[in-house]
Structure formats: structure tokens, C-alpha cells
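Read the structure below first, then the notes.
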Amino acid sequence: MVITISTDKPYDVVVENGALDRTGTLLQPLFKAGSKAMIISETNVFPLYGERLTQSLQAAGYSVSSFVFEAGEPNKQLSTVMQMYEALSENGFTRSDFIVTLGGGVAGDMGGFAAATFLRGIDFVQVPTSLLAQVDASVGGKTGVDLPFGKNLVGAFHQPRLVVSDPDTLHTLPEYYFTDGMGEVIKYGCIMDAALFDKLEQGEIIDRMEAAIAHCVACKKVLVEEDTTDKGRRMILNFGHTFGHALEKLTNFSGLSHGRAVSIGMAMAAEVGESLGVTEMGTAARMRRVLESYGLPVQSDFDFGDVVEATALDKKSFGKTLNLILLKSIGDCVIHPIDRSYLVLRYKIAAEQNRRRK
Ligand SMILES: NC(=O)c1ccc[n+]([C@@H]2O[C@H](COP(=O)([O-])OP(=O)(O)OC[C@H]3O[C@@H](n4cnc5c(N)ncnc54)[C@H](O)[C@@H]3O)[C@@H](O)[C@H]2O)c1
């Protein structure tokens with residue numbers, strides 16, 4: 001399946017079992033033979049797929065080098081990008097050469113950021129290997145790194161020239177991270193696709209990953225094309241992320257994976273929405289059931305006030321106001337600006353009312 005993302009420079013997202021080995025061929029219309037390609041990957045994924053990708057690129061006539069960093073979110077930082085710049089410089093990269101990111105969202109975001117900034121921007125190609133990256137992170141051109149005081153605080157919009165998603169690579173993805181990615185799939189159902197949510201509720205997705213990934217990419221396409229720089233409707237993709245990022249920060253980016261943090265964040269957003277009268281009653285319970293059925297958490301031990309406090313550096317927050325993404329019902333959502341202290345108050349009142357009702 002090929003989905004074309006029609007941004008300023010349109011690009012294809014190829015979702016196909018076995019596509020990894022066709023990467024070089026798929027790139028031939030985009031880059032001249034003889035161009036340099038640097039595979040940017042990490043210590044878990046490169047040993048599994050680096051050799052196959054290298055061979056595919058070499059067979060298509062590219063001169064291939066690689067940069068492999070220590071896997072994991074704690075390494076998604078500027079010092080790692082600095083090492084990438086060094087490797088690109090040492091290998092004599094020019095603006096007609098390109099980067100190929102191979103891995104999950106961490107490799108994609110960081111390799112994409114290096115591409116966005118090296119020589120004021122060189123081309124890059126995404127080869128996502130985690131479910132989260134295949135359904136979300138690899139598409140739409142958001143690249144960047146974390147700072148010690150917040151997630152993804154430094155970055156750039158830089159669209160890839162091609163995305164090659166091979167669902168077969170998910171066979172080696174640890175179940176823990178597969179579950180993380182399912183959180184993002186559920187997110188698409190919640191914010192814009194009630195039919196997808198119904199299928200998830202009925203457990204119909206897992207056996208047809210290729211179609212499910214393409215379906216999610218098609219959802220993301222709509223939002224990226226409408227709002228490429230994330231200033232309007234594309235923000236709905238951040239459903240659950242405001243609280244999720246706050247939870248990641250409270251656990252120092254190591255206690256809770258991104259997907260699990262977002263899962264709890266989505267459940268919180270649904271509860272908040274109900275407490276504010278924005279979200280149809282019963283939605284939070286329905287969501288919690290689906291999230292839990294895919295092994296995702298829906299509760300945290302942190303005090304809600306502390307979570308709201310930790311949203312202070314959220315990119316969707318302006319002073320005391322937080323732009324929350326709330327559901328009206330499954331498949332339909334709104335961007336809801338709200339004062340932080342009012343939010344804490346309303347949530348506490350609703351929690352107390354629920355406690356008394358029980
Ligand atoms: N740019 C965007 O639009 C966007 C959207 C969502 C998330 N993100 C970012 O994505 C990151 C999370 O992505 P992630 O969950 O993919 O994290 P990740 O890149 O850390 O991958 C998760 C784990 O799975 C391993 N892995 C990946 N593919 C594998 C495979 N096929 N076989 C074996 N192991 C494999 C990795 O080594 C890592 O240990 C976060 O940094 C988040 O901010 C970006």
C-alpha cells in the first residue's frame with residue numbers, strides 16, 4: 001500500500017511486508033546513484049536490520065555509511081546529534097547526500113533533526129521499525145530532541161522524502177513496545193475514526209497489521225496536509241500527550257514509556273472532559289476498557305495537581321492556559337483552552353462526586 005502525503009514536497013509512505021529490502025530500489029527515482037547515504041540507527045535495531053538495509057542501498061548504487069547510537073529515549077538529546085554531525089562531516093556529506101533513519105521514534109526524530117539542521121537541511125528517509133513509528137512518528141516531518149526539562153523541546157519541521165514501513169520488522173519488536181504502539185492506534189480511533197475504535201473494541205486489528213498501519217497513516221495524512229506546521233487541527237494528534245508528557249517528566253523520562261504515559265494521559269483527558277461536560281458520559285469507561293484490553297495502563301499514582309503543574313513547559317500551553325485536546329465523543333474531538341488552576345479544581349470536584357456515588 002502506498003499513501004502519498006501531499007505537503008509542499010509530496011512524499012510516499014510505502015507500507016508493505018518485506019519493503020525493507022526494496023528501500024534502495026524505492027529511492028532510485030529520488031537520489032542519483034553515487035550519492036552518499038548514512039544509516040542513522042541504534043544499538044537494538046541496527047544489528048537486526050542494518051545489514052539488509054545496507055545491502056539494499058548499495059545494490060541501488062549508493063555509498064553507505066552508518067552511525068549507531070545507544071538505544072533509548074535518554075539518548076534523544078543534542079549531544080547525540082552532535083556526534084551525528086561529526087560522522088556526517090567526517091564522511092564528507094554534501095546537500096545532495098541523504099540520511100536514512102532506521103529504528104523507532106527515537107532514531108527517526110533524532111536522525112530527522114540532524115537532517116533538518118546539518119548544512120541547513122539535507123534530505124532524509126524514514127525506515128520505521130516500531131509500531132509507534134510506523135503509525136505515527138515517521139510521518140509528518142516533526143523532528144527533534146528532548147531537553148533535561150522537557151520532551152521534544154528543540155526540533156524542526158522537516159518532511160522525509162520517503163517512508164518505508166515494513167510491518168514484518170514488528171516480529172522482533174518486544175511486546176512491551178508493541179503495546180506502546182497500540183496506544184497510538186487507539187488514539188486515532190478516539191480522535192477521528194469511530195469505526196477503527198469499534199474494530200479495536202472487538203479485537204479485530206492485531207491479525208491485519210499491514211492494513212491497520214496504512215489506515216493510521218491515512219488518518220495522519222489528513223491532519224498533516226491540513227495543518228503541516230501543527231498550529232491548528234493537527235494538534236488533535238496530541239490527545240493524551242499533554243498529561244502524558246507531564247507524566248514522562250515526573251518519572252524523569254525513564255520510569256514510564258511514551259506510549260504508556262500517553263495511554264494514562266488519554267484516560268485522564270477523557271475523565272477531565274467528562275468532568276467539564278465536554279465529553280459524552282461513559283466515554284472514559286469505554287476507553288479505559290479498550291486501553292486495558294491491549295495491556296495499557298490507565299491510572300497513575302501522581303496527584304492530578306502535580307501532573308497539571310508539570311504541564312507548564314507543554315508546547316500547547318500559553319501562560320496559565322492549557323490547550324487541552326478533549327473528546328466530544330469517540331471519533332470526534334475539540335481543542336479546549338482552559339486555565340490550569342480551574343482544571344485542577346473541576347477535576348477534584350468531579351473525583352469527589354464519583355467517590356460519593358460509588
Ligand atoms: N515525530 C513525531 O511525530 C512523533 C510522534 C510520536 C512519537 N514520537 C517520538 O517517538 C519516540 C517513541 O518512539 P518508539 O516507541 O518507537 O521508541 P524507540 O525508538 O525507543 O523504540 C522503542 C524500543 O523498541 C526497540 N525497537 C524498535 N524497533 C524494533 C524492532 N523492529 N525490533 C526490535 N526492537 C525494536 C528500540 O530499540 C527501543 O528499545 C518518542 O521519543 C516520541 O517523542 C515522535
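How things are named: the first chain in the C-alpha cells is A, the next is B, and so on; residues count from 1 in each chain; ligands count from 1 in the order shown.
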List every residue of region 81-329 of chain A that DSSP, applied to the backbone of this structure, assigns to strand (DSSP E or B), and report them as number ranges by chain. A: 98-103, 123-128, 142-147, 150-157, 162-165, 317-318, 321-329
Leaving out Tyr85 (chain A) and any residue of its chain fewer than 4 positions from it, which residues lie within 7 Å of it when counting only C-alpha atoms, given as a ChimeraX atom specification? /A:81,89,114,118
Pick from A:Leu170, A:Leu20, A:Leu119, A:Leu153 nearest to ligand 1, counting only C-alpha atoms and all ligand atoms: A:Leu170
Select the residues contacting ligand 1 at a distance of at most 6 Å, based on only C-alpha atoms and all ligand atoms, then format the selection as number ranges by chain. A: 44-45, 71-73, 103-107, 109, 129-130, 132-133, 136-137, 142-143, 169-170, 172-174, 177, 258
Any chance you could export the current selection's N, CA and C atoms as a compact mmCIF listing (two decimals), in the first residue's frame?
```txt
# COMPACT_ATOMS: atom_id res chain seq x y z
N ASN A 44 19.87 -1.52 19.28
CA ASN A 44 18.98 -2.69 19.23
C ASN A 44 18.59 -3.04 17.80
N VAL A 45 18.35 -2.02 17.01
CA VAL A 45 17.76 -2.25 15.69
C VAL A 45 18.82 -2.50 14.60
N ALA A 71 20.63 2.75 22.14
CA ALA A 71 19.17 2.84 22.03
C ALA A 71 18.55 3.47 23.27
N GLY A 72 17.39 4.11 23.07
CA GLY A 72 16.62 4.57 24.23
C GLY A 72 16.38 6.06 24.27
N GLU A 73 15.24 6.42 24.82
CA GLU A 73 14.82 7.83 24.92
C GLU A 73 15.86 8.72 25.64
N GLY A 103 14.83 2.59 12.72
CA GLY A 103 14.53 2.33 14.12
C GLY A 103 13.17 2.86 14.51
N GLY A 104 12.98 3.02 15.82
CA GLY A 104 11.70 3.54 16.31
C GLY A 104 11.67 5.05 16.25
N GLY A 105 10.77 5.63 17.04
CA GLY A 105 10.59 7.08 17.02
C GLY A 105 11.82 7.84 17.46
N VAL A 106 12.64 7.24 18.31
CA VAL A 106 13.83 7.95 18.78
C VAL A 106 14.82 8.14 17.63
N ALA A 107 15.11 7.07 16.90
CA ALA A 107 16.04 7.18 15.76
C ALA A 107 15.46 8.12 14.70
N ASP A 109 13.14 10.60 15.01
CA ASP A 109 13.08 12.01 15.42
C ASP A 109 14.47 12.65 15.41
N THR A 129 10.73 1.07 12.44
CA THR A 129 10.65 -0.36 12.77
C THR A 129 9.82 -0.64 14.03
N SER A 130 9.34 0.42 14.70
CA SER A 130 8.43 0.17 15.84
C SER A 130 7.02 0.50 15.37
N LEU A 132 4.82 2.25 16.91
CA LEU A 132 4.57 3.68 17.15
C LEU A 132 5.12 4.53 16.01
N ALA A 133 6.32 4.19 15.57
CA ALA A 133 6.92 4.98 14.50
C ALA A 133 6.21 4.72 13.17
N ASP A 136 2.77 6.59 13.36
CA ASP A 136 2.71 7.99 13.75
C ASP A 136 4.02 8.74 13.47
N ALA A 137 5.07 8.43 14.26
CA ALA A 137 6.24 9.31 14.30
C ALA A 137 6.94 9.50 12.94
N LYS A 142 7.84 15.96 11.90
CA LYS A 142 8.25 16.52 13.19
C LYS A 142 9.51 15.81 13.63
N THR A 143 10.59 16.59 13.80
CA THR A 143 11.86 16.00 14.23
C THR A 143 12.33 16.74 15.47
N THR A 169 9.03 -6.16 10.27
CA THR A 169 10.04 -5.84 11.29
C THR A 169 9.42 -5.87 12.70
N LEU A 170 8.09 -5.79 12.76
CA LEU A 170 7.45 -5.79 14.09
C LEU A 170 7.57 -7.14 14.78
N THR A 172 10.16 -8.64 15.55
CA THR A 172 11.23 -8.63 16.56
C THR A 172 11.01 -7.56 17.62
N LEU A 173 9.98 -6.75 17.45
CA LEU A 173 9.72 -5.67 18.41
C LEU A 173 9.24 -6.28 19.73
N PRO A 174 9.91 -5.97 20.85
CA PRO A 174 9.45 -6.54 22.11
C PRO A 174 7.98 -6.17 22.37
N TYR A 177 6.85 -2.80 23.63
CA TYR A 177 6.77 -1.64 22.74
C TYR A 177 5.65 -1.78 21.72
N HIS A 258 6.84 6.25 26.58
CA HIS A 258 6.00 7.28 25.96
C HIS A 258 4.57 6.76 25.75
```
How close does each residue of region 240-267 of chain A get to region 273-277 of chain A, giving the shortest atom pair and distance in Å to one decimal for every residue with an atom at most 12 Å away, counting only C-alpha atoms, sorted by chain and residue number, as JSON lines?
```
{"residue": "A:Gly240", "atom": "CA", "partner": "A:Gly273", "partner_atom": "CA", "distance": 11.4}
{"residue": "A:Gly265", "atom": "CA", "partner": "A:Gly273", "partner_atom": "CA", "distance": 11.9}
{"residue": "A:Met266", "atom": "CA", "partner": "A:Gly273", "partner_atom": "CA", "distance": 10.3}
{"residue": "A:Ala267", "atom": "CA", "partner": "A:Gly273", "partner_atom": "CA", "distance": 9.8}
```
For the residues in the current selection, export N, CA and C atoms as a tab-separated table (two decimals), in the first residue's frame.
```tsv
chain	number	residue	atom	x	y	z
A	240	GLY	N	-4.07	13.23	24.77
A	240	GLY	CA	-3.41	12.41	25.80
A	240	GLY	C	-1.96	12.80	26.05
A	265	GLY	N	-2.48	9.38	29.92
A	265	GLY	CA	-2.88	10.75	29.56
A	265	GLY	C	-4.21	10.78	28.83
A	266	MET	N	-4.45	9.79	27.95
A	266	MET	CA	-5.73	9.76	27.22
A	266	MET	C	-6.88	9.47	28.18
A	267	ALA	N	-6.65	8.52	29.11
A	267	ALA	CA	-7.70	8.20	30.09
A	267	ALA	C	-7.99	9.44	30.95
```
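In this structure, CA of Asp207 (chain A) sits 13.3 Å away from CA of Phe178 (chain A).
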Taking only residues of region 229-255 of chain A that have an atom at most 7 Å from an atom of region 292-313 of chain A, what is each one's shortest atom pair and its distance in Å to one decimal, using only C-alpha atoms, in chain and number order, as CSV?
```
residue,atom,partner,partner_atom,distance
A:Thr242,CA,A:Thr311,CA,6.5
A:Phe243,CA,A:Val307,CA,6.6
A:Ala246,CA,A:Ala310,CA,5.0
A:Leu247,CA,A:Val307,CA,6.5
```
Need to verify the contact set: region 213-219 of chain A, 9 Å, only C-alpha atoms, exclusion of same-chain residues closer than 6 positions in sequence. Can you return it as number ranges by chain? A: 1-5, 13-15, 131, 134-136, 139, 165, 167, 184-185, 188-189, 192-193, 196
Quick one: of A:Pro29, A:Gly50, A:Gly331, A:Gly259, who's nearest to Asp198 (chain A), counting only C-alpha atoms?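 Using only C-alpha atoms, the shortest distance to Asp198 (chain A) belongs to A:Gly331.
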When you look at Ile338 (chain A) with a cut-off of 7 Å (counting only C-alpha atoms), what residues show up, excluding the ones that are within fewer than 6 positions of it in the same chain? I need them as a ChimeraX atom specification. /A:321-323
Can you list, as a PyMOL selection string, every residue of region 89-268 of chain A that DSSP puts in alpha helix (DSSP H)? chain A and resi 89-90+105-117+131-132+175-192+194-201+209-226+241-250+258-268
Got a sec: who's within 10 Å of Ala269 (chain A), counting only C-alpha atoms, leaving out chain neighbours fewer than 5 positions off, as a PyMOL selection string? chain A and resi 239-244+262-264+274-275+279+284+324-327
For the residues selected in the previous step, produce a file with N, CA and C atoms as a PDB file, in the first residue's frame.
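Final file, result_37.pdb:
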```
ATOM      1  N   PHE A 239      -3.738  14.330  21.527  1.00  0.00           N
ATOM      2  CA  PHE A 239      -4.694  13.837  22.528  1.00  0.00           C
ATOM      3  C   PHE A 239      -3.947  12.914  23.509  1.00  0.00           C
ATOM      4  N   GLY A 240      -4.073  13.225  24.770  1.00  0.00           N
ATOM      5  CA  GLY A 240      -3.408  12.413  25.804  1.00  0.00           C
ATOM      6  C   GLY A 240      -1.959  12.800  26.050  1.00  0.00           C
ATOM      7  N   HIS A 241      -1.381  13.614  25.128  1.00  0.00           N
ATOM      8  CA  HIS A 241       0.050  13.903  25.232  1.00  0.00           C
ATOM      9  C   HIS A 241       0.376  14.977  26.266  1.00  0.00           C
ATOM     10  N   THR A 242      -0.556  15.912  26.500  1.00  0.00           N
ATOM     11  CA  THR A 242      -0.259  16.977  27.461  1.00  0.00           C
ATOM     12  C   THR A 242      -0.011  16.348  28.833  1.00  0.00           C
ATOM     13  N   PHE A 243      -0.930  15.476  29.242  1.00  0.00           N
ATOM     14  CA  PHE A 243      -0.733  14.800  30.532  1.00  0.00           C
ATOM     15  C   PHE A 243       0.360  13.721  30.406  1.00  0.00           C
ATOM     16  N   GLY A 244       0.409  13.078  29.249  1.00  0.00           N
ATOM     17  CA  GLY A 244       1.405  12.023  29.045  1.00  0.00           C
ATOM     18  C   GLY A 244       2.826  12.560  29.175  1.00  0.00           C
ATOM     19  N   VAL A 262       1.192   8.157  27.452  1.00  0.00           N
ATOM     20  CA  VAL A 262       0.105   8.718  26.640  1.00  0.00           C
ATOM     21  C   VAL A 262      -1.206   7.971  26.917  1.00  0.00           C
ATOM     22  N   SER A 263      -1.111   6.677  27.159  1.00  0.00           N
ATOM     23  CA  SER A 263      -2.322   5.916  27.473  1.00  0.00           C
ATOM     24  C   SER A 263      -2.988   6.464  28.743  1.00  0.00           C
ATOM     25  N   ILE A 264      -2.188   6.660  29.783  1.00  0.00           N
ATOM     26  CA  ILE A 264      -2.739   7.225  31.021  1.00  0.00           C
ATOM     27  C   ILE A 264      -3.255   8.643  30.738  1.00  0.00           C
ATOM     28  N   GLU A 274     -15.139  14.623  30.704  1.00  0.00           N
ATOM     29  CA  GLU A 274     -16.442  14.325  31.303  1.00  0.00           C
ATOM     30  C   GLU A 274     -16.712  15.290  32.461  1.00  0.00           C
ATOM     31  N   SER A 275     -15.671  15.562  33.272  1.00  0.00           N
ATOM     32  CA  SER A 275     -15.878  16.435  34.432  1.00  0.00           C
ATOM     33  C   SER A 275     -16.222  17.863  33.993  1.00  0.00           C
ATOM     34  N   THR A 279     -17.103  15.983  27.257  1.00  0.00           N
ATOM     35  CA  THR A 279     -17.072  14.613  26.723  1.00  0.00           C
ATOM     36  C   THR A 279     -18.332  13.854  27.153  1.00  0.00           C
ATOM     37  N   ALA A 284     -15.064   7.738  28.943  1.00  0.00           N
ATOM     38  CA  ALA A 284     -13.830   7.393  29.666  1.00  0.00           C
ATOM     39  C   ALA A 284     -13.825   5.902  30.020  1.00  0.00           C
ATOM     40  N   LEU A 324      -6.111  21.965  25.914  1.00  0.00           N
ATOM     41  CA  LEU A 324      -6.330  20.521  26.043  1.00  0.00           C
ATOM     42  C   LEU A 324      -7.070  19.980  24.829  1.00  0.00           C
ATOM     43  N   ILE A 325      -6.699  18.773  24.420  1.00  0.00           N
ATOM     44  CA  ILE A 325      -7.472  18.097  23.378  1.00  0.00           C
ATOM     45  C   ILE A 325      -8.472  17.206  24.121  1.00  0.00           C
ATOM     46  N   LEU A 326      -9.745  17.472  23.906  1.00  0.00           N
ATOM     47  CA  LEU A 326     -10.772  16.695  24.591  1.00  0.00           C
ATOM     48  C   LEU A 326     -11.695  16.042  23.571  1.00  0.00           C
ATOM     49  N   LEU A 327     -12.203  14.867  23.914  1.00  0.00           N
ATOM     50  CA  LEU A 327     -13.162  14.209  23.026  1.00  0.00           C
ATOM     51  C   LEU A 327     -14.549  14.798  23.274  1.00  0.00           C
TER      52      LEU A 327
END
```
Non-local contacts of Lys32 (chain A) (9 Å; only C-alpha atoms; under 4 positions in same chain excluded) as a ChimeraX atom specification: /A:27-28,61-62,96
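Proximity to Cys333 (chain A) was assessed for A:Ala261, A:Ala212, A:Val278, A:Ile191 counting only C-alpha atoms; the smallest distance is recorded for A:Ile191.
Comparing the minimum interatomic distances between Val344 (chain A) and each of A:Ile236, A:Phe98, A:Val272, A:Val68, counting only C-alpha atoms, we find that A:Val272 sits nearest.
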